[in-house]
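Q: Dropping the structure in here first, questions after.
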Protein chains: 2
Amino acid sequence: MPTASERARMPSIRDVARLAGVSHQTVSRVLNDHPSIRPETKAKVLDAISVLDYRPNLAARALVTSKSNMLGILSATIGEFGPTSSIVGIEDAAREEGYSVSTLNLPATTPEAIGAAVRQLAREQVDGIVVLAPQVRVFHVLRGMAVDLPFVTLQTASGSDGVSHSADQVAGARAATEHLISLGHSDILHLAGPQDWIEAESRMRGYLDALREADLPTFPPIRGDWTADFGFFAGQELSRRRDFTAVFAANDQMAIGLMHGFRVAGLRVPHDVSVVGFDDIPVAAHVAPSLTTVHQDFPELGRRAVRILLAQIRGEAAPEFGALHTTLRMRESSAAR
Amino acid sequence: MPTASERARMPSIRDVARLAGVSHQTVSRVLNDHPSIRPETKAKVLDAISVLDYRPNLAARALVTSKSNMLGILSATIGEFGPTSSIVGIEDAAREEGYSVSTLNLPATTPEAIGAAVRQLAREQVDGIVVLAPQVRVFHVLRGMAVDLPFVTLQTASGSDGVSHSADQVAGARAATEHLISLGHSDILHLAGPQDWIEAESRMRGYLDALREADLPTFPPIRGDWTADFGFFAGQELSRRRDFTAVFAANDQMAIGLMHGFRVAGLRVPHDVSVVGFDDIPVAAHVAPSLTTVHQDFPELGRRAVRILLAQIRGEAAPEFGALHTTLRMRESSAAR
DNA sequence: GCTACCGATGTGACCGTGCACAAGCGAGGA
DNA sequence: TCCTCGCTTGTGCACGGTCACATCGGTAGC
């Protein structure tokens, strides 16, 4: 049984050249699709490559070109359904373009941790970073970093100036709120996400926009932490006050916890209170009552982010995408009052 | 505004050496914690490193050592709660040991796709692979590959011969089934995972073991696909036959869908049927009725897999872990009949 | 027929690091 | 005092690619 140490050296570009009877540079040209190569020369080289089962050494290539063909994913939200789904899209799009993907998940979102994470990715020579840690403060840190690496956040994927929020999130939240209004609700609470999250802000803005437009009273939002557990406690607390008939939660987990809290407190959904969530996680359709929510295409979000990032890396103009539309999925948890 | 091209060359080991007044090799020794370096020399070098803000070029290091200090994650299950949570553990453990992580998710689990994915990771020079695509057939492909790269699957993390199933899964499934038996159920169905998934097989075995031991009848398992949607259809179908009083589902998503199916068909959980799931996803505690399930520590699973893989890479003996225990979380969905 | 140019290929240097080997130096034993 | 040994440091090369430049043969333009 051969151990790793006695394993033969991998064939190099020069081994291929020797077998094909050409220079190593010619092999390199074949590998990089250089235009001026005679077809028969190219065929000889390709033959030798397959005979030797040659595969280019990416480290050597990265060393000389100082491009790694690798993207970094900086994530603070792994485990959540949405971002995780986006990662799939990011990877697919990246691999399609010949990039590999190195993920790094943030233990905390302190400036120090973010800085350390970016430096780590820079060490790994990534060509760009997709940021899935969409706290507002991440921007400040990234902008202020000494290492200037192209980066993109998922929230900018729908265009605009690169720092602003995604219009889709606002539109989706607005649609959710308008749905509640159209059902006759006029006292609608918002269970928001954490303070400095871009998505949380966008969804809250959509909520506020819809209410203001309909001349309805707005309530100070309850700040949650995205978790079902928080929603549960919020539901129990809220059931004490009865000045509302509907709640728009900033994500499905909180919405599901919220319904649980209401249930424990004796409030029935949707009879006493309507609830709408956001994200359309796979179980949203199956909980009791099934959850009205806003569906969005997370993988596509990731794919777009990669395209924008690659354009930035290559110095091309950023691709223009139409707004990624969200769709309202009406289910049992929302009803006319 | 400086563009990427005019950005100054990064400082190299020789720049540091020049500033510190030593040879480049001495700097290299400092970086690699070589034992015989005079403290004052080391201090000089470290000074120069921080002055220049020097960071080692990992590509160059990978080239010369033919070690990338990078692990690959081969995943077919991203988006599922469990594996995704394990990825967090994998990354943490890997970074802790100075390894970075390159993830690759499988579009399909055909032998060709698996082979291509492994070759891709091999190209990227990863030192080892953590496999999160726990189909049985993946083993055959990996074993038969020409590139022999150390690999580990999450299912082997609890020890044994490297191909066998994780004992925890069996024990967890057994505990879930015994829980139902202790509640007085004697006709217990199993909603299993897909055919060639190791976890599906383990959980089914635990179920069968418990029933056989209690001398209770076993039913042919229903083969699902892990999704809540499948659980929903299964629930509707199953409600036609009334020869059972409890169902053990191989994961929480299917269990939640199943309860939905039962609800639609007029069966009440747990009054008419008890349901137990597996995984303890975050919403399991909050659905109605809250779901009795088996909790397991996914991140720890990932961490252990990394330790085993690194031992293999370094040629050390595999660390011995006690079985990772699973705990039954009893909630509302299971009750005495 | 001579020159300029272009397409196809080869030559040598270089990217930043680690390894093998050598060399200098001081201490300790014969 | 001399030799050996161990600690500390330096020198040169190798890793596997790409890039800049040189070379060579053929062809078009005058």
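Lettering and numbering for the structure tokens are positional, with chains as A, B, ... in the shown order, residues counted from 1 in each chain, and ligands counted from 1 in the shown order.
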Counting only C-alpha atoms (C1' of nucleotides), which residues of chain C sit at most 10 Å from some atom of chain B, and what is each one's closest atom pair with its distance in Å to one decimal, listed by chain and rising residue number, as a Markdown table?

A:
| residue | atom | partner | partner_atom | distance |
| --- | --- | --- | --- | --- |
| C:DC15 | C1' | B:Ala60 | CA | 8.1 |
| C:DG16 | C1' | B:Ala60 | CA | 5.2 |
| C:DT17 | C1' | B:Arg61 | CA | 5.1 |
| C:DG18 | C1' | B:Val64 | CA | 6.3 |
| C:DC19 | C1' | B:Val64 | CA | 9.1 |

Q: Can you give me chain B superposed onto chain A, least-squares on all Cα in order, written as an mmCIF file with C-alpha atoms, in the first residue's frame?

A:
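That gives us result21.cif:
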data_model
loop_
_atom_site.group_PDB
_atom_site.id
_atom_site.type_symbol
_atom_site.label_atom_id
_atom_site.label_comp_id
_atom_site.auth_asym_id
_atom_site.auth_seq_id
_atom_site.Cartn_x
_atom_site.Cartn_y
_atom_site.Cartn_z
ATOM 1 C CA MET B 1 -0.168 0.163 0.097
ATOM 2 C CA PRO B 2 1.519 3.364 -1.033
ATOM 3 C CA THR B 3 1.672 6.115 1.535
ATOM 4 C CA ALA B 4 1.316 9.760 0.667
ATOM 5 C CA SER B 5 5.064 10.341 0.789
ATOM 6 C CA GLU B 6 5.997 7.736 -1.775
ATOM 7 C CA ARG B 7 3.225 8.824 -4.068
ATOM 8 C CA ALA B 8 4.759 9.823 -7.363
ATOM 9 C CA ARG B 9 5.102 13.476 -8.230
ATOM 10 C CA MET B 10 2.128 14.827 -10.134
ATOM 11 C CA PRO B 11 2.816 15.390 -13.817
ATOM 12 C CA SER B 12 3.659 18.978 -14.586
ATOM 13 C CA ILE B 13 3.259 21.128 -17.609
ATOM 14 C CA ARG B 14 6.770 20.141 -18.683
ATOM 15 C CA ASP B 15 6.008 16.447 -18.546
ATOM 16 C CA VAL B 16 3.126 17.091 -20.861
ATOM 17 C CA ALA B 17 5.356 19.187 -23.110
ATOM 18 C CA ARG B 18 7.971 16.444 -23.337
ATOM 19 C CA LEU B 19 5.413 13.814 -24.241
ATOM 20 C CA ALA B 20 3.770 16.032 -26.824
ATOM 21 C CA GLY B 21 7.091 17.135 -28.251
ATOM 22 C CA VAL B 22 6.487 20.823 -27.707
ATOM 23 C CA SER B 23 7.632 23.464 -25.257
ATOM 24 C CA HIS B 24 6.048 23.955 -21.869
ATOM 25 C CA GLN B 25 4.853 27.338 -22.984
ATOM 26 C CA THR B 26 2.822 25.797 -25.776
ATOM 27 C CA VAL B 27 1.122 23.585 -23.252
ATOM 28 C CA SER B 28 0.399 26.628 -21.154
ATOM 29 C CA ARG B 29 -1.136 28.282 -24.187
ATOM 30 C CA VAL B 30 -3.379 25.330 -24.834
ATOM 31 C CA LEU B 31 -4.515 25.388 -21.244
ATOM 32 C CA ASN B 32 -5.354 29.064 -21.428
ATOM 33 C CA ASP B 33 -7.060 28.948 -24.802
ATOM 34 C CA HIS B 34 -4.537 31.162 -26.468
ATOM 35 C CA PRO B 35 -5.831 32.043 -29.948
ATOM 36 C CA SER B 36 -2.789 31.288 -32.062
ATOM 37 C CA ILE B 37 -2.216 27.594 -31.676
ATOM 38 C CA ARG B 38 -2.343 25.240 -34.617
ATOM 39 C CA PRO B 39 -5.214 22.766 -34.214
ATOM 40 C CA GLU B 40 -2.930 19.771 -34.689
ATOM 41 C CA THR B 41 -0.507 21.051 -32.046
ATOM 42 C CA LYS B 42 -3.396 21.583 -29.711
ATOM 43 C CA ALA B 43 -4.601 18.048 -30.356
ATOM 44 C CA LYS B 44 -1.177 16.605 -29.585
ATOM 45 C CA VAL B 45 -1.051 18.506 -26.315
ATOM 46 C CA LEU B 46 -4.560 17.513 -25.305
ATOM 47 C CA ASP B 47 -3.659 13.918 -26.037
ATOM 48 C CA ALA B 48 -0.635 14.089 -23.798
ATOM 49 C CA ILE B 49 -2.703 15.750 -21.094
ATOM 50 C CA SER B 50 -5.219 12.962 -21.033
ATOM 51 C CA VAL B 51 -2.567 10.246 -21.251
ATOM 52 C CA LEU B 52 -0.747 11.616 -18.215
ATOM 53 C CA ASP B 53 -3.993 12.584 -16.489
ATOM 54 C CA TYR B 54 -2.411 15.970 -16.027
ATOM 55 C CA ARG B 55 -4.186 18.576 -13.924
ATOM 56 C CA PRO B 56 -2.890 22.110 -13.548
ATOM 57 C CA ASN B 57 -1.477 23.122 -10.219
ATOM 58 C CA LEU B 58 -3.646 25.952 -9.024
ATOM 59 C CA ALA B 59 -1.198 27.031 -6.343
ATOM 60 C CA ALA B 60 1.523 27.603 -8.909
ATOM 61 C CA ARG B 61 -0.888 29.479 -11.096
ATOM 62 C CA ALA B 62 -2.049 31.585 -8.183
ATOM 63 C CA LEU B 63 1.541 32.343 -7.285
ATOM 64 C CA VAL B 64 2.525 33.661 -10.660
ATOM 65 C CA THR B 65 -0.679 35.464 -11.533
ATOM 66 C CA SER B 66 -1.442 36.610 -8.014
ATOM 67 C CA LYS B 67 -5.015 35.641 -8.693
ATOM 68 C CA SER B 68 -6.401 32.705 -6.830
ATOM 69 C CA ASN B 69 -9.631 32.206 -8.732
ATOM 70 C CA MET B 70 -11.194 31.873 -5.350
ATOM 71 C CA LEU B 71 -13.979 33.866 -3.772
ATOM 72 C CA GLY B 72 -14.481 34.249 -0.067
ATOM 73 C CA ILE B 73 -17.828 34.072 1.650
ATOM 74 C CA LEU B 74 -17.998 36.000 4.860
ATOM 75 C CA SER B 75 -21.012 34.781 6.741
ATOM 76 C CA ALA B 76 -22.464 35.583 10.109
ATOM 77 C CA THR B 77 -25.775 33.963 9.516
ATOM 78 C CA ILE B 78 -25.072 30.394 8.645
ATOM 79 C CA GLY B 79 -27.758 28.129 9.921
ATOM 80 C CA GLU B 80 -30.491 30.536 8.955
ATOM 81 C CA PHE B 81 -32.465 29.246 6.037
ATOM 82 C CA GLY B 82 -32.206 32.240 3.750
ATOM 83 C CA PRO B 83 -28.495 32.952 3.742
ATOM 84 C CA THR B 84 -27.734 29.269 3.603
ATOM 85 C CA SER B 85 -29.836 28.901 0.508
ATOM 86 C CA SER B 86 -28.077 31.862 -1.016
ATOM 87 C CA ILE B 87 -24.755 30.165 -0.444
ATOM 88 C CA VAL B 88 -25.872 27.417 -2.776
ATOM 89 C CA GLY B 89 -26.452 30.001 -5.462
ATOM 90 C CA ILE B 90 -23.159 31.682 -4.764
ATOM 91 C CA GLU B 91 -21.258 28.458 -5.114
ATOM 92 C CA ASP B 92 -23.008 27.390 -8.249
ATOM 93 C CA ALA B 93 -22.403 30.698 -9.949
ATOM 94 C CA ALA B 94 -18.821 30.834 -8.778
ATOM 95 C CA ARG B 95 -17.965 27.310 -9.935
ATOM 96 C CA GLU B 96 -19.633 28.029 -13.233
ATOM 97 C CA GLU B 97 -17.181 30.857 -13.758
ATOM 98 C CA GLY B 98 -14.252 28.746 -12.697
ATOM 99 C CA TYR B 99 -13.974 30.156 -9.224
ATOM 100 C CA SER B 100 -13.865 28.122 -6.079
ATOM 101 C CA VAL B 101 -15.306 29.260 -2.820
ATOM 102 C CA SER B 102 -13.823 29.561 0.632
ATOM 103 C CA THR B 103 -16.310 30.124 3.392
ATOM 104 C CA LEU B 104 -15.585 31.742 6.706
ATOM 105 C CA ASN B 105 -18.227 32.193 9.309
ATOM 106 C CA LEU B 106 -17.974 34.935 11.786
ATOM 107 C CA PRO B 107 -17.984 34.025 15.470
ATOM 108 C CA ALA B 108 -19.100 37.530 16.376
ATOM 109 C CA THR B 109 -19.850 40.705 14.524
ATOM 110 C CA THR B 110 -17.497 42.967 16.400
ATOM 111 C CA PRO B 111 -15.326 45.183 14.217
ATOM 112 C CA GLU B 112 -12.268 43.238 15.387
ATOM 113 C CA ALA B 113 -13.738 39.896 14.387
ATOM 114 C CA ILE B 114 -14.793 41.241 11.011
ATOM 115 C CA GLY B 115 -11.379 42.730 10.431
ATOM 116 C CA ALA B 116 -9.655 39.503 11.374
ATOM 117 C CA ALA B 117 -11.924 37.527 9.088
ATOM 118 C CA VAL B 118 -11.271 39.770 6.117
ATOM 119 C CA ARG B 119 -7.538 39.642 6.722
ATOM 120 C CA GLN B 120 -7.734 35.891 6.906
ATOM 121 C CA LEU B 121 -9.508 35.748 3.554
ATOM 122 C CA ALA B 122 -6.966 38.187 2.137
ATOM 123 C CA ARG B 123 -4.193 35.870 3.290
ATOM 124 C CA GLU B 124 -5.868 33.112 1.397
ATOM 125 C CA GLN B 125 -5.549 35.340 -1.632
ATOM 126 C CA VAL B 126 -9.242 35.380 -2.455
ATOM 127 C CA ASP B 127 -10.020 37.637 -5.374
ATOM 128 C CA GLY B 128 -13.172 39.021 -3.815
ATOM 129 C CA ILE B 129 -15.588 38.594 -0.960
ATOM 130 C CA VAL B 130 -19.305 38.017 -0.786
ATOM 131 C CA VAL B 131 -20.584 39.324 2.498
ATOM 132 C CA LEU B 132 -23.472 37.506 4.103
ATOM 133 C CA ALA B 133 -23.185 39.344 7.377
ATOM 134 C CA PRO B 134 -25.457 42.120 6.507
ATOM 135 C CA GLN B 135 -25.091 44.269 9.515
ATOM 136 C CA VAL B 136 -24.769 47.903 8.679
ATOM 137 C CA ARG B 137 -21.586 48.190 10.659
ATOM 138 C CA VAL B 138 -19.866 45.625 8.490
ATOM 139 C CA PHE B 139 -19.770 48.260 5.790
ATOM 140 C CA HIS B 140 -17.833 50.667 7.911
ATOM 141 C CA VAL B 141 -15.306 48.026 8.763
ATOM 142 C CA LEU B 142 -14.924 46.872 5.180
ATOM 143 C CA ARG B 143 -14.589 50.385 3.846
ATOM 144 C CA GLY B 144 -11.983 51.246 6.428
ATOM 145 C CA MET B 145 -9.855 48.175 5.847
ATOM 146 C CA ALA B 146 -6.286 48.568 4.697
ATOM 147 C CA VAL B 147 -6.584 45.560 2.401
ATOM 148 C CA ASP B 148 -8.807 46.758 -0.381
ATOM 149 C CA LEU B 149 -10.502 43.731 -1.785
ATOM 150 C CA PRO B 150 -13.543 43.846 -4.028
ATOM 151 C CA PHE B 151 -16.595 42.896 -2.063
ATOM 152 C CA VAL B 152 -20.300 42.690 -2.458
ATOM 153 C CA THR B 153 -23.105 42.131 -0.034
ATOM 154 C CA LEU B 154 -26.161 40.158 -0.811
ATOM 155 C CA GLN B 155 -28.291 43.147 -0.088
ATOM 156 C CA THR B 156 -26.843 45.172 -2.916
ATOM 157 C CA ALA B 157 -27.559 42.485 -5.444
ATOM 158 C CA SER B 158 -30.540 44.327 -6.842
ATOM 159 C CA GLY B 159 -28.417 47.237 -7.956
ATOM 160 C CA SER B 160 -28.114 50.846 -6.822
ATOM 161 C CA ASP B 161 -25.132 52.421 -5.199
ATOM 162 C CA GLY B 162 -23.665 49.456 -3.425
ATOM 163 C CA VAL B 163 -24.546 50.476 0.075
ATOM 164 C CA SER B 164 -28.266 50.947 -0.178
ATOM 165 C CA HIS B 165 -30.820 48.342 0.679
ATOM 166 C CA SER B 166 -32.381 45.921 -1.659
ATOM 167 C CA ALA B 167 -35.594 47.266 -3.112
ATOM 168 C CA ASP B 168 -37.111 43.776 -3.170
ATOM 169 C CA GLN B 169 -37.100 43.456 0.563
ATOM 170 C CA VAL B 170 -38.928 46.722 0.911
ATOM 171 C CA ALA B 171 -41.411 45.774 -1.775
ATOM 172 C CA GLY B 172 -41.976 42.350 -0.252
ATOM 173 C CA ALA B 173 -42.594 43.775 3.177
ATOM 174 C CA ARG B 174 -44.889 46.354 1.702
ATOM 175 C CA ALA B 175 -46.859 43.659 -0.130
ATOM 176 C CA ALA B 176 -47.178 41.661 3.075
ATOM 177 C CA THR B 177 -48.468 44.670 4.960
ATOM 178 C CA GLU B 178 -50.819 45.709 2.173
ATOM 179 C CA HIS B 179 -52.193 42.191 2.182
ATOM 180 C CA LEU B 180 -53.102 42.591 5.847
ATOM 181 C CA ILE B 181 -54.601 46.014 5.172
ATOM 182 C CA SER B 182 -56.685 44.626 2.335
ATOM 183 C CA LEU B 183 -58.059 42.032 4.737
ATOM 184 C CA GLY B 184 -59.419 44.889 6.796
ATOM 185 C CA HIS B 185 -56.764 45.130 9.475
ATOM 186 C CA SER B 186 -55.885 48.579 10.650
ATOM 187 C CA ASP B 187 -53.847 47.894 13.758
ATOM 188 C CA ILE B 188 -50.805 46.022 12.530
ATOM 189 C CA LEU B 189 -47.694 45.408 14.584
ATOM 190 C CA HIS B 190 -44.236 44.640 13.275
ATOM 191 C CA LEU B 191 -41.900 42.112 14.842
ATOM 192 C CA ALA B 192 -38.629 43.345 13.402
ATOM 193 C CA GLY B 193 -35.151 41.924 13.075
ATOM 194 C CA PRO B 194 -32.117 43.122 15.020
ATOM 195 C CA GLN B 195 -31.237 46.769 14.960
ATOM 196 C CA ASP B 196 -28.365 47.037 12.543
ATOM 197 C CA TRP B 197 -29.339 44.414 10.025
ATOM 198 C CA ILE B 198 -29.947 45.760 6.577
ATOM 199 C CA GLU B 199 -32.686 43.270 5.855
ATOM 200 C CA ALA B 200 -34.401 44.134 9.099
ATOM 201 C CA GLU B 201 -34.352 47.799 8.175
ATOM 202 C CA SER B 202 -35.671 47.154 4.675
ATOM 203 C CA ARG B 203 -38.526 45.038 5.857
ATOM 204 C CA MET B 204 -39.433 47.559 8.488
ATOM 205 C CA ARG B 205 -39.383 50.315 5.928
ATOM 206 C CA GLY B 206 -41.742 48.384 3.658
ATOM 207 C CA TYR B 207 -44.075 47.930 6.601
ATOM 208 C CA LEU B 208 -43.967 51.615 7.515
ATOM 209 C CA ASP B 209 -44.403 52.734 3.916
ATOM 210 C CA ALA B 210 -47.532 50.659 3.485
ATOM 211 C CA LEU B 211 -49.088 51.889 6.699
ATOM 212 C CA ARG B 212 -48.329 55.537 6.052
ATOM 213 C CA GLU B 213 -49.716 55.305 2.574
ATOM 214 C CA ALA B 214 -52.944 53.880 3.923
ATOM 215 C CA ASP B 215 -53.064 56.512 6.661
ATOM 216 C CA LEU B 216 -53.013 53.869 9.343
ATOM 217 C CA PRO B 217 -51.361 54.179 12.734
ATOM 218 C CA THR B 218 -47.827 52.786 13.063
ATOM 219 C CA PHE B 219 -46.539 51.170 16.211
ATOM 220 C CA PRO B 220 -42.970 51.145 17.410
ATOM 221 C CA PRO B 221 -41.580 47.838 16.129
ATOM 222 C CA ILE B 222 -40.589 45.076 18.494
ATOM 223 C CA ARG B 223 -36.932 44.246 17.986
ATOM 224 C CA GLY B 224 -36.336 40.506 17.730
ATOM 225 C CA ASP B 225 -33.315 38.384 16.958
ATOM 226 C CA TRP B 226 -34.700 36.272 14.086
ATOM 227 C CA THR B 227 -35.222 33.194 16.309
ATOM 228 C CA ALA B 228 -38.402 31.233 16.859
ATOM 229 C CA ASP B 229 -37.716 31.333 20.574
ATOM 230 C CA PHE B 230 -37.845 35.099 20.595
ATOM 231 C CA GLY B 231 -41.070 35.019 18.602
ATOM 232 C CA PHE B 232 -42.531 32.729 21.210
ATOM 233 C CA PHE B 233 -41.792 35.107 24.070
ATOM 234 C CA ALA B 234 -42.969 38.070 22.035
ATOM 235 C CA GLY B 235 -46.247 36.270 21.378
ATOM 236 C CA GLN B 236 -46.827 35.704 25.042
ATOM 237 C CA GLU B 237 -45.995 39.293 25.904
ATOM 238 C CA LEU B 238 -48.064 40.773 23.124
ATOM 239 C CA SER B 239 -51.123 38.780 24.023
ATOM 240 C CA ARG B 240 -51.465 40.990 27.130
ATOM 241 C CA ARG B 241 -52.157 44.021 25.022
ATOM 242 C CA ARG B 242 -55.052 43.715 22.661
ATOM 243 C CA ASP B 243 -54.623 46.870 20.619
ATOM 244 C CA PHE B 244 -53.787 45.066 17.386
ATOM 245 C CA THR B 245 -55.320 42.481 15.082
ATOM 246 C CA ALA B 246 -52.371 41.519 12.913
ATOM 247 C CA VAL B 247 -48.615 41.121 13.104
ATOM 248 C CA PHE B 248 -46.084 41.199 10.314
ATOM 249 C CA ALA B 249 -42.958 39.331 11.430
ATOM 250 C CA ALA B 250 -39.640 39.989 9.714
ATOM 251 C CA ASN B 251 -38.991 36.286 9.178
ATOM 252 C CA ASP B 252 -40.770 32.959 9.321
ATOM 253 C CA GLN B 253 -38.995 31.581 12.372
ATOM 254 C CA MET B 254 -40.165 34.466 14.501
ATOM 255 C CA ALA B 255 -43.635 34.211 12.975
ATOM 256 C CA ILE B 256 -43.869 30.533 13.885
ATOM 257 C CA GLY B 257 -42.661 31.196 17.417
ATOM 258 C CA LEU B 258 -45.082 34.084 17.640
ATOM 259 C CA MET B 259 -48.023 31.881 16.719
ATOM 260 C CA HIS B 260 -46.918 29.453 19.366
ATOM 261 C CA GLY B 261 -46.842 32.246 21.933
ATOM 262 C CA PHE B 262 -50.304 33.354 20.927
ATOM 263 C CA ARG B 263 -51.581 29.789 21.105
ATOM 264 C CA VAL B 264 -50.214 29.346 24.611
ATOM 265 C CA ALA B 265 -51.866 32.594 25.657
ATOM 266 C CA GLY B 266 -55.191 31.529 24.219
ATOM 267 C CA LEU B 267 -55.188 33.718 21.132
ATOM 268 C CA ARG B 268 -56.233 31.949 17.971
ATOM 269 C CA VAL B 269 -54.547 32.541 14.616
ATOM 270 C CA PRO B 270 -56.045 33.732 12.339
ATOM 271 C CA HIS B 271 -59.347 34.116 14.187
ATOM 272 C CA ASP B 272 -58.086 36.584 16.771
ATOM 273 C CA VAL B 273 -54.832 37.682 15.178
ATOM 274 C CA SER B 274 -53.457 37.395 11.656
ATOM 275 C CA VAL B 275 -49.763 36.649 11.207
ATOM 276 C CA VAL B 276 -47.564 37.095 8.157
ATOM 277 C CA GLY B 277 -43.938 36.030 7.908
ATOM 278 C CA PHE B 278 -41.082 36.516 5.479
ATOM 279 C CA ASP B 279 -38.812 34.062 3.584
ATOM 280 C CA ASP B 280 -41.121 31.102 2.959
ATOM 281 C CA ILE B 281 -39.005 28.480 4.656
ATOM 282 C CA PRO B 282 -39.932 24.948 3.621
ATOM 283 C CA VAL B 283 -42.029 24.169 6.677
ATOM 284 C CA ALA B 284 -43.993 27.418 6.444
ATOM 285 C CA ALA B 285 -46.616 25.720 4.305
ATOM 286 C CA HIS B 286 -47.034 22.897 6.797
ATOM 287 C CA VAL B 287 -47.236 24.428 10.238
ATOM 288 C CA ALA B 288 -50.618 24.883 11.836
ATOM 289 C CA PRO B 289 -52.025 27.209 10.726
ATOM 290 C CA SER B 290 -49.989 27.322 7.553
ATOM 291 C CA LEU B 291 -48.097 30.567 7.348
ATOM 292 C CA THR B 292 -48.770 33.405 4.953
ATOM 293 C CA THR B 293 -45.362 34.683 3.980
ATOM 294 C CA VAL B 294 -43.219 36.363 1.356
ATOM 295 C CA HIS B 295 -41.291 34.046 -0.892
ATOM 296 C CA GLN B 296 -37.971 35.050 -2.359
ATOM 297 C CA ASP B 297 -35.449 33.327 -4.522
ATOM 298 C CA PHE B 298 -32.411 33.094 -2.283
ATOM 299 C CA PRO B 299 -30.181 31.110 -4.608
ATOM 300 C CA GLU B 300 -30.764 33.636 -7.366
ATOM 301 C CA LEU B 301 -29.797 36.390 -4.956
ATOM 302 C CA GLY B 302 -26.500 34.627 -4.411
ATOM 303 C CA ARG B 303 -25.948 34.112 -8.114
ATOM 304 C CA ARG B 304 -26.471 37.768 -8.811
ATOM 305 C CA ALA B 305 -24.105 38.793 -6.064
ATOM 306 C CA VAL B 306 -21.401 36.659 -7.657
ATOM 307 C CA ARG B 307 -21.949 38.172 -11.089
ATOM 308 C CA ILE B 308 -21.682 41.657 -9.668
ATOM 309 C CA LEU B 309 -18.565 40.758 -7.745
ATOM 310 C CA LEU B 310 -16.898 39.156 -10.750
ATOM 311 C CA ALA B 311 -17.651 42.186 -12.870
ATOM 312 C CA GLN B 312 -15.999 44.282 -10.225
ATOM 313 C CA ILE B 313 -12.966 41.996 -10.108
ATOM 314 C CA ARG B 314 -12.589 42.020 -13.870
ATOM 315 C CA GLY B 315 -13.116 45.734 -14.055
ATOM 316 C CA GLU B 316 -16.222 45.400 -16.159
ATOM 317 C CA ALA B 317 -19.406 47.383 -15.769
ATOM 318 C CA ALA B 318 -21.735 45.973 -13.164
ATOM 319 C CA PRO B 319 -24.503 43.929 -14.758
ATOM 320 C CA GLU B 320 -27.949 45.436 -14.552
ATOM 321 C CA PHE B 321 -30.543 43.224 -13.004
ATOM 322 C CA GLY B 322 -34.200 43.950 -12.811
ATOM 323 C CA ALA B 323 -35.463 43.922 -9.251
ATOM 324 C CA LEU B 324 -35.689 40.369 -7.998
ATOM 325 C CA HIS B 325 -39.351 40.025 -7.352
ATOM 326 C CA THR B 326 -40.779 38.552 -4.198
ATOM 327 C CA THR B 327 -44.130 36.838 -4.157
ATOM 328 C CA LEU B 328 -46.698 36.756 -1.430
ATOM 329 C CA ARG B 329 -47.828 33.261 -0.502
ATOM 330 C CA MET B 330 -51.251 33.530 1.042
ATOM 331 C CA ARG B 331 -52.073 30.762 3.474
ATOM 332 C CA GLU B 332 -54.164 30.174 6.581
ATOM 333 C CA SER B 333 -52.449 32.429 9.106
ATOM 334 C CA SER B 334 -53.949 35.604 7.677
ATOM 335 C CA ALA B 335 -57.667 36.208 7.381
ATOM 336 C CA ALA B 336 -60.195 39.002 7.168
ATOM 337 C CA ARG B 337 -60.963 40.413 10.526
#

Q: Run DSSP on the backbone of this structure and report the residues of range 1-216 of chain B it assigns to helix (DSSP H, G or I), as a ChimeraX atom specification.

A: /B:13-20,24-31,39-52,58-65,81-96,111-123,136-144,154-156,167-182,198-213

Q: Using only C-alpha atoms (C1' of nucleotides), tabulate the residues of chain D lying at most 9 Å from any atom of chain A, each with its closest atom pair and that distance in Å to one decimal, by chain and increasing residue number, as a tab-separated table.

A:
residue	atom	partner	partner_atom	distance
D:DC15	C1'	A:Ala60	CA	8.0
D:DG16	C1'	A:Ala60	CA	5.2
D:DG17	C1'	A:Ala60	CA	5.0
D:DT18	C1'	A:Val64	CA	6.2

Q: Would you mind exporting the chosen residues as a CSV table (one decimal), in the first residue's frame, restricted to N, CA and C atoms (P, O5', C5', C4', C3', O3' and C1' of nucleotides)?

A:
chain,number,residue,atom,x,y,z
D,15,DC,P,11.7,20.4,-8.8
D,15,DC,O5',10.2,21.0,-8.3
D,15,DC,C5',9.7,20.7,-7.0
D,15,DC,C4',8.6,21.7,-6.8
D,15,DC,C3',7.7,22.0,-8.0
D,15,DC,O3',6.6,21.1,-7.9
D,15,DC,C1',8.2,24.0,-6.7
D,16,DG,P,6.2,20.3,-9.3
D,16,DG,O5',5.4,21.3,-10.1
D,16,DG,C5',4.2,21.8,-9.5
D,16,DG,C4',3.7,23.0,-10.3
D,16,DG,C3',3.6,22.8,-11.8
D,16,DG,O3',2.5,23.4,-12.3
D,16,DG,C1',5.0,24.7,-11.4
D,17,DG,P,1.7,22.9,-13.6
D,17,DG,O5',0.8,24.2,-13.9
D,17,DG,C5',1.2,25.2,-14.9
D,17,DG,C4',1.3,26.5,-14.2
D,17,DG,C3',1.4,27.7,-15.2
D,17,DG,O3',0.1,28.2,-15.4
D,17,DG,C1',3.2,27.8,-13.6
D,18,DT,P,-0.3,28.9,-16.7
D,18,DT,O5',0.4,30.3,-16.6
D,18,DT,C5',0.0,31.2,-15.7
D,18,DT,C4',0.9,32.5,-15.8
D,18,DT,C3',0.8,33.2,-17.1
D,18,DT,O3',0.6,34.6,-16.9
D,18,DT,C1',3.0,32.7,-16.7
